[in-house]
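Visitor: Below: one structure in structure tokens.
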Amino acid sequence: MTGKLRSLDDLRRLRNETKRTMQDRVGSEIKIIVGMGTCGIAAGAREVMTAILEELAKRNLSVNVLQTGCIGMCQQEPLMDVVRPGEGRITYGNVTPRDVPRIIGQHVVNGQIVEDLVIGRTD
Amino acid sequence: MEIFRAHVLVCGGTGCTSGGSPRIKALLEEELAKNGLEKEVNLVVTGCHGLCEMGPLVIVYPEGTMYVHVQPEDVSDIVSEHLLKGRIVERLLYKEPVTAERVPHYGDLPFYHKQERLVLRNCGYINPEVIEEYIGRDGYAALAKALAEMTPDEVIQEVLDAGLRGRGGAGFPTGLKWNFCRKAKGEPKYIVCNGDEGDPGAFMDRSILEGDPHRVLEGMAIGAYAIGASKAVIYVRAEYPLAVRRLHLAVKKAEEMGLLGDNILGTDFSLHIDIKEGAGAFVCGEETALLASIMGQRGMPWPRPPFPAVSGLWGKPTNINNVETWANIPDIILRGADWFASMGTEKCKGTKVFALTGNVQNTGLVEVPMGISMREIIYDIGGGVPNGKKFKAVQIGGPSGGCLPESQLDLGVDYESLTGAGAIMGSGGLVVMDEDTCIVDVARFFLSFTRAESCGKCTPCREGIMRMLEILDRISAGEGRMEDLDLLEKTAHIIQDTSLCGLGQTAPNPILSTLRYFRDEYVAHIKDQRCPAGVCTALLTYYIKPELCRGCTACTKVCPTGAITGERKAVHVIDPEKCIKCGACAERCPFDAIVQA
């Protein structure tokens, strides 16, 4: 429970905080898609997903995190795709929770593809 | 701060709740936990989305996928398919009635295309029980702006410039009303929110109170600041338990956060809001009767003057506005009068919420810009009349409104043009009727409603409505006389002119409008002894077509009065003396041999 608001600044601060949580209901330009088929989950997609959400919260980023089913590259799971507006869809393979901060920091924020983890791209 | 990758919105409006949405929510919770998704997926109960016909509704963000008619057995599919694997559950999507295509995205539904959702902006989007969500949508920012940057006079000027008019039905300019009360002498001043929504088939105010209660509270706080009031009352029907509960919760939360109560946001402005439950008398929607009811007296109007702005609650200056009017205020202050005045027609600004019911494909709640035609509301948004039936009439404004035919459908919706056509804007009930509706019967229905709800204080309303109803009963029983039509008209005008309050003054509207547009149907009842829609039982006769009857005796078994006779395998006949016209035989006949004449 939020405490008593004593001034306009208090209200403004609370608004900005909640706005952030609710933004995911609007949809953002940048998308991260995680393969969550049986193969993906078995390979650890759940842990990757948790790492992504933690990292986004830490950096206060507004990104849509979506999930998808098996696309047939089961041996490369967990798969994590990053889509930035106007750029192609980049697929990273064999992603571990440890890779997540790097992908988000380099690619999602700065637009530089993490080449050593890329296994495919579609335009 | 928590971040979720998906938000699942379950509609918690009254329509979806009675359709079983609380059970859906509980099952979703269970399934999410079972799949370990409770930290990733945020489950939110919202207010009404308007598309009540399709409930219970579940919407999944960020995609904005809308699932309709969700049943308990569908929940595991939504979780395991959509939330886990990202695959949309096709079979639960809305199906476009004309093209039979599935519509995955909430915003792509034709139902929402022509709507302009301002007052309902948060309904179905936020959790009405969490004040932070309202604040996250710029809630209470308008109150903060008014308190910090505007004088009370500037607030009133803004509302005047916006051209906002009372949404309760009469359309009196809100800014003017506020000004009267501000200038009146007496302390303390009161403001009142009229949530006594009594029209059959209307649920605009209920949905706003249930779906976005803080919007109404914020509007009232701004109004209180402008008028100089320190006490407020919300009068809401006890028949709206969910709205009552959410209002209590909203007031409590707002007080805890310092957005209501003493020294709001650290300023010296204070406002205390009480909630008064009404017992559901239609007349209490009239402002003086409403005030009497709050003060513990019988809900009866008093003659004005004195107007409530001068002497209202406990004899003090009081300003009363309807729920929807209050809900319009925050956006006017936050986004400015010019923005608001850019919508609507020359004399009517902004939007209006309508409850669309009756014989229409998409029953539900719609918000449209003023000036839009009835045809657009009924056909483009409402999807037209179902089951291939023909449109006959639309009753706008409830029992105080009028019945408009096809020829008036291109009329733009605003206060003046509706009044000109013999209806009223009213609070926003729209009841669509198809060709199977008998107009005399409709007029009788609304009149029996106003007769029952008349408080009995003034003679024209108490006696006049009774007399008109007797005439209508006579006509539908096949005992009408042609002079009755003139007598109806004359009585109607007397009641209109001489009744004390709005209830009586508007009660004749259904009669006058149906006489104006559907006189033929009255004449058919009187002269031809015929009810064209086949509703008035006294004017019906059932008979058996001899060429179709096979003598199966099915009809004789269901006839409750033994009116049908005939040998097995021979043609049967109905004795009109014994027949009570219940229609059971016609329903039972396997050969469609029994027809009305």
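We name chains A, B, ... following the order of the structure tokens; residues begin at 1 in each chain, and ligands are numbered from 1 as shown.
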Would you kindly return, as a ChimeraX atom specification, each protein, DNA or RNA residue with an atom no farther than 10 Å from any atom of Arg481 of chain B, considering only C-alpha atoms and excluding same-chain residues fewer than 3 positions away?
Guide: /B:471,474-475,478,484-486,523,525-527
Visitor: Residues at most 12 Å from Met343 of chain B, counting only C-alpha atoms, excluding those fewer than 3 positions away in the same chain, as a ChimeraX atom specification?
Guide: /B:116-118,162-164,332,337-340,346-352,368-372
Visitor: Please produce an output containing N, CA and C atoms for each residue in the selection, written as a CSV table (one decimal), in the first residue's frame.
Guide:
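Final output, again-v1.csv:
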chain,number,residue,atom,x,y,z
B,116,GLU,N,-16.2,6.5,-29.5
B,116,GLU,CA,-15.2,7.4,-29.0
B,116,GLU,C,-15.3,7.3,-27.5
B,117,ARG,N,-14.4,6.5,-26.9
B,117,ARG,CA,-14.5,6.2,-25.5
B,117,ARG,C,-13.7,7.1,-24.7
B,118,LEU,N,-14.3,8.1,-24.1
B,118,LEU,CA,-13.7,9.0,-23.2
B,118,LEU,C,-14.0,8.7,-21.7
B,162,ALA,N,-16.2,24.5,-22.3
B,162,ALA,CA,-16.2,23.2,-22.9
B,162,ALA,C,-17.6,22.9,-23.4
B,163,GLY,N,-18.6,23.6,-22.9
B,163,GLY,CA,-20.0,23.3,-23.4
B,163,GLY,C,-20.6,22.1,-22.9
B,164,LEU,N,-20.1,21.6,-21.7
B,164,LEU,CA,-20.6,20.3,-21.2
B,164,LEU,C,-22.1,20.6,-20.7
B,332,ILE,N,-11.9,17.3,-19.0
B,332,ILE,CA,-12.1,18.7,-19.4
B,332,ILE,C,-11.0,19.5,-18.8
B,337,ALA,N,-10.8,22.9,-22.4
B,337,ALA,CA,-12.2,23.1,-23.0
B,337,ALA,C,-12.1,22.9,-24.5
B,338,ASP,N,-11.1,23.4,-25.1
B,338,ASP,CA,-11.0,23.4,-26.6
B,338,ASP,C,-11.0,22.0,-27.1
B,339,TRP,N,-10.3,21.1,-26.4
B,339,TRP,CA,-10.2,19.7,-26.8
B,339,TRP,C,-11.6,19.1,-26.7
B,340,PHE,N,-12.3,19.4,-25.6
B,340,PHE,CA,-13.6,18.8,-25.4
B,340,PHE,C,-14.6,19.3,-26.4
B,346,GLU,N,-22.6,21.6,-32.8
B,346,GLU,CA,-22.5,23.0,-32.4
B,346,GLU,C,-23.0,23.2,-31.0
B,347,LYS,N,-24.2,22.6,-30.7
B,347,LYS,CA,-24.8,22.9,-29.4
B,347,LYS,C,-24.5,21.8,-28.4
B,348,CYS,N,-24.1,20.6,-28.8
B,348,CYS,CA,-23.8,19.5,-27.9
B,348,CYS,C,-22.4,19.0,-28.1
B,349,LYS,N,-21.6,19.2,-27.0
B,349,LYS,CA,-20.2,18.9,-27.1
B,349,LYS,C,-19.9,17.5,-26.5
B,350,GLY,N,-18.8,16.9,-26.9
B,350,GLY,CA,-18.4,15.7,-26.2
B,350,GLY,C,-19.1,14.5,-26.7
B,351,THR,N,-19.2,13.5,-25.8
B,351,THR,CA,-19.7,12.2,-26.2
B,351,THR,C,-20.9,11.9,-25.3
B,352,LYS,N,-21.6,10.8,-25.6
B,352,LYS,CA,-22.7,10.3,-24.8
B,352,LYS,C,-22.6,8.8,-24.7
B,368,VAL,N,-20.4,7.3,-27.9
B,368,VAL,CA,-20.3,7.8,-29.3
B,368,VAL,C,-20.2,9.4,-29.2
B,369,PRO,N,-19.6,10.0,-30.2
B,369,PRO,CA,-19.6,11.5,-30.2
B,369,PRO,C,-21.0,12.0,-30.4
B,370,MET,N,-21.4,13.1,-29.8
B,370,MET,CA,-22.7,13.7,-30.0
B,370,MET,C,-22.9,14.0,-31.5
B,371,GLY,N,-24.1,13.8,-32.0
B,371,GLY,CA,-24.3,14.1,-33.4
B,371,GLY,C,-24.3,12.9,-34.3
B,372,ILE,N,-23.8,11.8,-33.9
B,372,ILE,CA,-23.8,10.6,-34.7
B,372,ILE,C,-25.2,10.2,-34.9
Visitor: At a cut-off of 7 Å, using only C-alpha atoms, what residues contact segment 30-36 of chain A? Leave out same-chain residues fewer than 6 positions from it and give the result as a PyMOL selection string.
Guide: (chain A and resi 45+63-70+78-85) or (chain B and resi 84-85)
Visitor: Counting only C-alpha atoms, what is within 7 Å of segment 544-549 of chain B, bar same-chain residues fewer than 5 positions away, as a ChimeraX atom specification?
Guide: /B:571-573,591,593-595
Visitor: Could you write those residues out with C-alpha atoms, as a PDB file, in the first residue's frame?
Guide:
ATOM      1  CA  VAL B 571     -58.844 -32.459 -39.620  1.00  0.00           C
ATOM      2  CA  HIS B 572     -59.016 -30.779 -36.190  1.00  0.00           C
ATOM      3  CA  VAL B 573     -60.797 -27.541 -35.301  1.00  0.00           C
ATOM      4  CA  PHE B 591     -46.859 -29.564 -39.701  1.00  0.00           C
ATOM      5  CA  ALA B 593     -50.870 -26.131 -39.661  1.00  0.00           C
ATOM      6  CA  ILE B 594     -51.927 -23.846 -36.798  1.00  0.00           C
ATOM      7  CA  VAL B 595     -51.692 -20.142 -37.599  1.00  0.00           C
TER       8      VAL B 595
END
Visitor: Do a neighbour search on Tyr542 of chain B at 10 Å with only C-alpha atoms, toss out local chain neighbours closer than 5 positions, and write the hits as a ChimeraX atom specification.
Guide: /B:573-576,579-583,585-586,594-597
Visitor: Residues of chain A that have any atom at most 10 Å from an atom of chain B: could you tabulate them with the shortest-distance atom pair and the distance in Å to one decimal, using only C-alpha atoms, ordered by chain and increasing number, as JSON lines?
Guide:
{"residue": "A:Met1", "atom": "CA", "partner": "B:Glu132", "partner_atom": "CA", "distance": 9.3}
{"residue": "A:Thr2", "atom": "CA", "partner": "B:Met257", "partner_atom": "CA", "distance": 7.4}
{"residue": "A:Gly3", "atom": "CA", "partner": "B:Met257", "partner_atom": "CA", "distance": 6.2}
{"residue": "A:Lys4", "atom": "CA", "partner": "B:Met257", "partner_atom": "CA", "distance": 4.1}
{"residue": "A:Leu5", "atom": "CA", "partner": "B:Met257", "partner_atom": "CA", "distance": 5.4}
{"residue": "A:Arg6", "atom": "CA", "partner": "B:Leu265", "partner_atom": "CA", "distance": 4.8}
{"residue": "A:Ser7", "atom": "CA", "partner": "B:Leu265", "partner_atom": "CA", "distance": 4.7}
{"residue": "A:Leu8", "atom": "CA", "partner": "B:Ala144", "partner_atom": "CA", "distance": 6.3}
{"residue": "A:Asp9", "atom": "CA", "partner": "B:Leu265", "partner_atom": "CA", "distance": 9.3}
{"residue": "A:Asp10", "atom": "CA", "partner": "B:Leu265", "partner_atom": "CA", "distance": 8.5}
{"residue": "A:Leu11", "atom": "CA", "partner": "B:Ala141", "partner_atom": "CA", "distance": 7.7}
{"residue": "A:Arg12", "atom": "CA", "partner": "B:Ala141", "partner_atom": "CA", "distance": 7.9}
{"residue": "A:Arg13", "atom": "CA", "partner": "B:Gly136", "partner_atom": "CA", "distance": 9.9}
{"residue": "A:Leu14", "atom": "CA", "partner": "B:Ile135", "partner_atom": "CA", "distance": 7.4}
{"residue": "A:Arg15", "atom": "CA", "partner": "B:Gly136", "partner_atom": "CA", "distance": 4.5}
{"residue": "A:Asn16", "atom": "CA", "partner": "B:Gly136", "partner_atom": "CA", "distance": 6.6}
{"residue": "A:Glu17", "atom": "CA", "partner": "B:Gly136", "partner_atom": "CA", "distance": 7.4}
{"residue": "A:Thr18", "atom": "CA", "partner": "B:Gly136", "partner_atom": "CA", "distance": 4.7}
{"residue": "A:Lys19", "atom": "CA", "partner": "B:Gly136", "partner_atom": "CA", "distance": 4.4}
{"residue": "A:Arg20", "atom": "CA", "partner": "B:Gly136", "partner_atom": "CA", "distance": 8.0}
{"residue": "A:Thr21", "atom": "CA", "partner": "B:Ile3", "partner_atom": "CA", "distance": 6.0}
{"residue": "A:Met22", "atom": "CA", "partner": "B:Gly136", "partner_atom": "CA", "distance": 7.3}
{"residue": "A:Gln23", "atom": "CA", "partner": "B:Pro62", "partner_atom": "CA", "distance": 8.8}
{"residue": "A:Asp24", "atom": "CA", "partner": "B:Pro62", "partner_atom": "CA", "distance": 5.7}
{"residue": "A:Arg25", "atom": "CA", "partner": "B:Pro62", "partner_atom": "CA", "distance": 4.9}
{"residue": "A:Val26", "atom": "CA", "partner": "B:Pro62", "partner_atom": "CA", "distance": 6.1}
{"residue": "A:Gly27", "atom": "CA", "partner": "B:Pro62", "partner_atom": "CA", "distance": 5.0}
{"residue": "A:Ser28", "atom": "CA", "partner": "B:Pro62", "partner_atom": "CA", "distance": 8.1}
{"residue": "A:Ile32", "atom": "CA", "partner": "B:Arg5", "partner_atom": "CA", "distance": 9.9}
{"residue": "A:Ile33", "atom": "CA", "partner": "B:Gly86", "partner_atom": "CA", "distance": 9.2}
{"residue": "A:Val34", "atom": "CA", "partner": "B:Lys85", "partner_atom": "CA", "distance": 9.0}
{"residue": "A:Gly35", "atom": "CA", "partner": "B:Lys85", "partner_atom": "CA", "distance": 7.4}
{"residue": "A:Met36", "atom": "CA", "partner": "B:Lys85", "partner_atom": "CA", "distance": 5.1}
{"residue": "A:Gly37", "atom": "CA", "partner": "B:Lys85", "partner_atom": "CA", "distance": 5.7}
{"residue": "A:Thr38", "atom": "CA", "partner": "B:Lys85", "partner_atom": "CA", "distance": 8.6}
{"residue": "A:Gly40", "atom": "CA", "partner": "B:Lys85", "partner_atom": "CA", "distance": 9.7}
{"residue": "A:Ile41", "atom": "CA", "partner": "B:Leu84", "partner_atom": "CA", "distance": 9.4}
{"residue": "A:Arg46", "atom": "CA", "partner": "B:Gly36", "partner_atom": "CA", "distance": 9.0}
{"residue": "A:Met49", "atom": "CA", "partner": "B:Glu40", "partner_atom": "CA", "distance": 8.5}
{"residue": "A:Thr50", "atom": "CA", "partner": "B:Glu40", "partner_atom": "CA", "distance": 7.7}
{"residue": "A:Ile52", "atom": "CA", "partner": "B:Arg5", "partner_atom": "CA", "distance": 9.5}
{"residue": "A:Leu53", "atom": "CA", "partner": "B:Ile3", "partner_atom": "CA", "distance": 6.5}
{"residue": "A:Glu54", "atom": "CA", "partner": "B:Ile3", "partner_atom": "CA", "distance": 7.8}
{"residue": "A:Glu55", "atom": "CA", "partner": "B:Ile3", "partner_atom": "CA", "distance": 9.8}
{"residue": "A:Leu56", "atom": "CA", "partner": "B:Ile3", "partner_atom": "CA", "distance": 7.7}
{"residue": "A:Ala57", "atom": "CA", "partner": "B:Ile3", "partner_atom": "CA", "distance": 5.9}
{"residue": "A:Lys58", "atom": "CA", "partner": "B:Met1", "partner_atom": "CA", "distance": 8.9}
{"residue": "A:Asn60", "atom": "CA", "partner": "B:Ile3", "partner_atom": "CA", "distance": 9.0}
{"residue": "A:Leu61", "atom": "CA", "partner": "B:Ile3", "partner_atom": "CA", "distance": 9.5}
{"residue": "A:Ser62", "atom": "CA", "partner": "B:Ile3", "partner_atom": "CA", "distance": 9.3}
{"residue": "A:Val63", "atom": "CA", "partner": "B:Arg5", "partner_atom": "CA", "distance": 8.5}
{"residue": "A:Asn64", "atom": "CA", "partner": "B:Arg5", "partner_atom": "CA", "distance": 6.6}
{"residue": "A:Val65", "atom": "CA", "partner": "B:Arg5", "partner_atom": "CA", "distance": 5.1}
{"residue": "A:Leu66", "atom": "CA", "partner": "B:Gly86", "partner_atom": "CA", "distance": 6.8}
{"residue": "A:Gln67", "atom": "CA", "partner": "B:Gly86", "partner_atom": "CA", "distance": 4.7}
{"residue": "A:Thr68", "atom": "CA", "partner": "B:Gly86", "partner_atom": "CA", "distance": 4.3}
{"residue": "A:Gly69", "atom": "CA", "partner": "B:Lys85", "partner_atom": "CA", "distance": 4.6}
{"residue": "A:Cys70", "atom": "CA", "partner": "B:Lys85", "partner_atom": "CA", "distance": 8.1}
Visitor: Excluding same-chain residues fewer than 3 positions from Ser476 of chain B, what lies within 10 Å of it counting only C-alpha atoms, as a list in words?
Guide: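 Within the cut-off, the hits are Cys438, Val440, Asp441, Arg444, Ile471, Leu472, Asp473, Glu479, Gly480, Tyr522, His525, Ile526, Gln529, Arg530, Cys531, Val535, Cys536, Thr537, Ala538 and Leu539 of chain B.
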Visitor: For the residues in the current selection, export C-alpha atoms as a PDB file, in the first residue's frame.
Guide:
ATOM      1  CA  CYS B 438     -46.698  -4.227 -31.001  1.00  0.00           C
ATOM      2  CA  VAL B 440     -49.648  -0.207 -28.506  1.00  0.00           C
ATOM      3  CA  ASP B 441     -48.198  -2.851 -26.220  1.00  0.00           C
ATOM      4  CA  ARG B 444     -48.732   0.276 -22.461  1.00  0.00           C
ATOM      5  CA  ILE B 471     -57.573   3.743 -22.600  1.00  0.00           C
ATOM      6  CA  LEU B 472     -54.598   1.740 -23.836  1.00  0.00           C
ATOM      7  CA  ASP B 473     -55.851  -1.367 -22.069  1.00  0.00           C
ATOM      8  CA  GLU B 479     -62.682  -2.332 -27.245  1.00  0.00           C
ATOM      9  CA  GLY B 480     -61.116   0.926 -28.379  1.00  0.00           C
ATOM     10  CA  TYR B 522     -53.602   2.173 -33.230  1.00  0.00           C
ATOM     11  CA  HIS B 525     -56.409  -2.203 -33.328  1.00  0.00           C
ATOM     12  CA  ILE B 526     -59.575  -0.102 -33.163  1.00  0.00           C
ATOM     13  CA  GLN B 529     -59.789  -5.332 -34.603  1.00  0.00           C
ATOM     14  CA  ARG B 530     -56.344  -6.543 -35.578  1.00  0.00           C
ATOM     15  CA  CYS B 531     -52.922  -6.440 -33.909  1.00  0.00           C
ATOM     16  CA  VAL B 535     -49.020  -9.549 -29.711  1.00  0.00           C
ATOM     17  CA  CYS B 536     -52.351  -8.389 -28.258  1.00  0.00           C
ATOM     18  CA  THR B 537     -54.003 -11.702 -27.444  1.00  0.00           C
ATOM     19  CA  ALA B 538     -57.546 -10.373 -27.332  1.00  0.00           C
ATOM     20  CA  LEU B 539     -57.271  -9.539 -31.022  1.00  0.00           C
TER      21      LEU B 539
END
Visitor: If you run DSSP on this backbone, which residues of segment 182-251 of chain B come out as alpha helix (DSSP H), and could you give them as a ChimeraX atom specification?
Guide: /B:182-183,204-211,213-227,241-251
Visitor: For the residues in that selection, give me C-alpha atoms as a PDB file, in the first residue's frame.
Guide:
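Wrote selection17.pdb, looks like this:
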ATOM      1  CA  ARG B 182     -21.189  29.019  -6.132  1.00  0.00           C
ATOM      2  CA  LYS B 183     -22.936  32.401  -5.928  1.00  0.00           C
ATOM      3  CA  MET B 204     -24.589   3.499 -18.197  1.00  0.00           C
ATOM      4  CA  ASP B 205     -24.093   4.890 -14.722  1.00  0.00           C
ATOM      5  CA  ARG B 206     -23.768   1.469 -13.177  1.00  0.00           C
ATOM      6  CA  SER B 207     -20.968   0.537 -15.557  1.00  0.00           C
ATOM      7  CA  ILE B 208     -19.084   3.768 -14.925  1.00  0.00           C
ATOM      8  CA  LEU B 209     -19.382   3.384 -11.156  1.00  0.00           C
ATOM      9  CA  GLU B 210     -18.331  -0.248 -11.349  1.00  0.00           C
ATOM     10  CA  GLY B 211     -15.579   0.148 -13.899  1.00  0.00           C
ATOM     11  CA  PRO B 213     -15.332   4.788  -9.670  1.00  0.00           C
ATOM     12  CA  HIS B 214     -12.379   7.117  -9.058  1.00  0.00           C
ATOM     13  CA  ARG B 215     -13.204   9.086 -12.200  1.00  0.00           C
ATOM     14  CA  VAL B 216     -16.537  10.060 -10.623  1.00  0.00           C
ATOM     15  CA  LEU B 217     -14.896  10.873  -7.282  1.00  0.00           C
ATOM     16  CA  GLU B 218     -12.298  13.047  -8.987  1.00  0.00           C
ATOM     17  CA  GLY B 219     -14.975  14.883 -10.982  1.00  0.00           C
ATOM     18  CA  MET B 220     -16.890  15.538  -7.777  1.00  0.00           C
ATOM     19  CA  ALA B 221     -13.796  16.779  -5.971  1.00  0.00           C
ATOM     20  CA  ILE B 222     -13.108  19.241  -8.789  1.00  0.00           C
ATOM     21  CA  GLY B 223     -16.733  20.378  -8.733  1.00  0.00           C
ATOM     22  CA  ALA B 224     -16.652  20.811  -4.966  1.00  0.00           C
ATOM     23  CA  TYR B 225     -13.519  22.921  -5.244  1.00  0.00           C
ATOM     24  CA  ALA B 226     -15.119  25.113  -7.933  1.00  0.00           C
ATOM     25  CA  ILE B 227     -18.395  25.543  -6.053  1.00  0.00           C
ATOM     26  CA  PRO B 241     -24.438  -3.990  -5.067  1.00  0.00           C
ATOM     27  CA  LEU B 242     -21.173  -4.155  -6.987  1.00  0.00           C
ATOM     28  CA  ALA B 243     -21.199  -0.421  -7.689  1.00  0.00           C
ATOM     29  CA  VAL B 244     -21.972   0.301  -4.027  1.00  0.00           C
ATOM     30  CA  ARG B 245     -19.146  -1.917  -2.833  1.00  0.00           C
ATOM     31  CA  ARG B 246     -16.610  -0.446  -5.257  1.00  0.00           C
ATOM     32  CA  LEU B 247     -17.663   3.106  -4.363  1.00  0.00           C
ATOM     33  CA  HIS B 248     -17.136   2.449  -0.663  1.00  0.00           C
ATOM     34  CA  LEU B 249     -13.750   0.953  -1.412  1.00  0.00           C
ATOM     35  CA  ALA B 250     -12.795   3.819  -3.726  1.00  0.00           C
ATOM     36  CA  VAL B 251     -13.722   6.489  -1.175  1.00  0.00           C
TER      37      VAL B 251
END
Visitor: Using only C-alpha atoms, which residues sit within 6 Å of Arg121 of chain A once same-chain residues fewer than 5 positions away are excluded, as a ChimeraX atom specification?
Guide: /A:89-91
Visitor: For the residues in the current selection, export C-alpha atoms as a short mmCIF file (atom, residue, chain, number, x, y, z; two decimals), in the first residue's frame.
Guide:
data_model
loop_
_atom_site.label_atom_id
_atom_site.label_comp_id
_atom_site.auth_asym_id
_atom_site.auth_seq_id
_atom_site.Cartn_x
_atom_site.Cartn_y
_atom_site.Cartn_z
CA ARG A 89 14.07 -10.29 -36.37
CA ILE A 90 17.24 -11.65 -34.78
CA THR A 91 17.20 -15.14 -33.30
#
Visitor: Just checking: using only C-alpha atoms, which residue out of A:Val109, A:Arg59, A:Gly88, A:Cys39 ends up closest to Gln75 of chain A?
Guide: A:Cys39
Visitor: State, in Å with one decimal place, the distance from atom CA of Lys114 of chain B to atom CA of Cys48 of chain B.
Guide: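 Pair atom CA of Lys114 of chain B / atom CA of Cys48 of chain B returns 18.0 Å.
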Visitor: List every residue of segment 20-91 of chain B that has an atom at most 12 Å from any atom of segment 378-383 of chain B, and for each one report the closest atom pair and its distance in Å to one decimal, counting only C-alpha atoms, with rows sorted by chain and then by increasing residue number, as a Markdown table.
Guide:
| residue | atom | partner | partner_atom | distance |
| --- | --- | --- | --- | --- |
| B:Gly50 | CA | B:Gly382 | CA | 11.0 |
| B:Leu51 | CA | B:Gly382 | CA | 9.7 |
| B:Cys52 | CA | B:Gly382 | CA | 11.6 |
| B:Glu53 | CA | B:Gly382 | CA | 10.4 |
Visitor: Do you have the atom CA of Gly299 of chain B-atom CA of Pro399 of chain B distance handy?
Guide: 18.6 Å
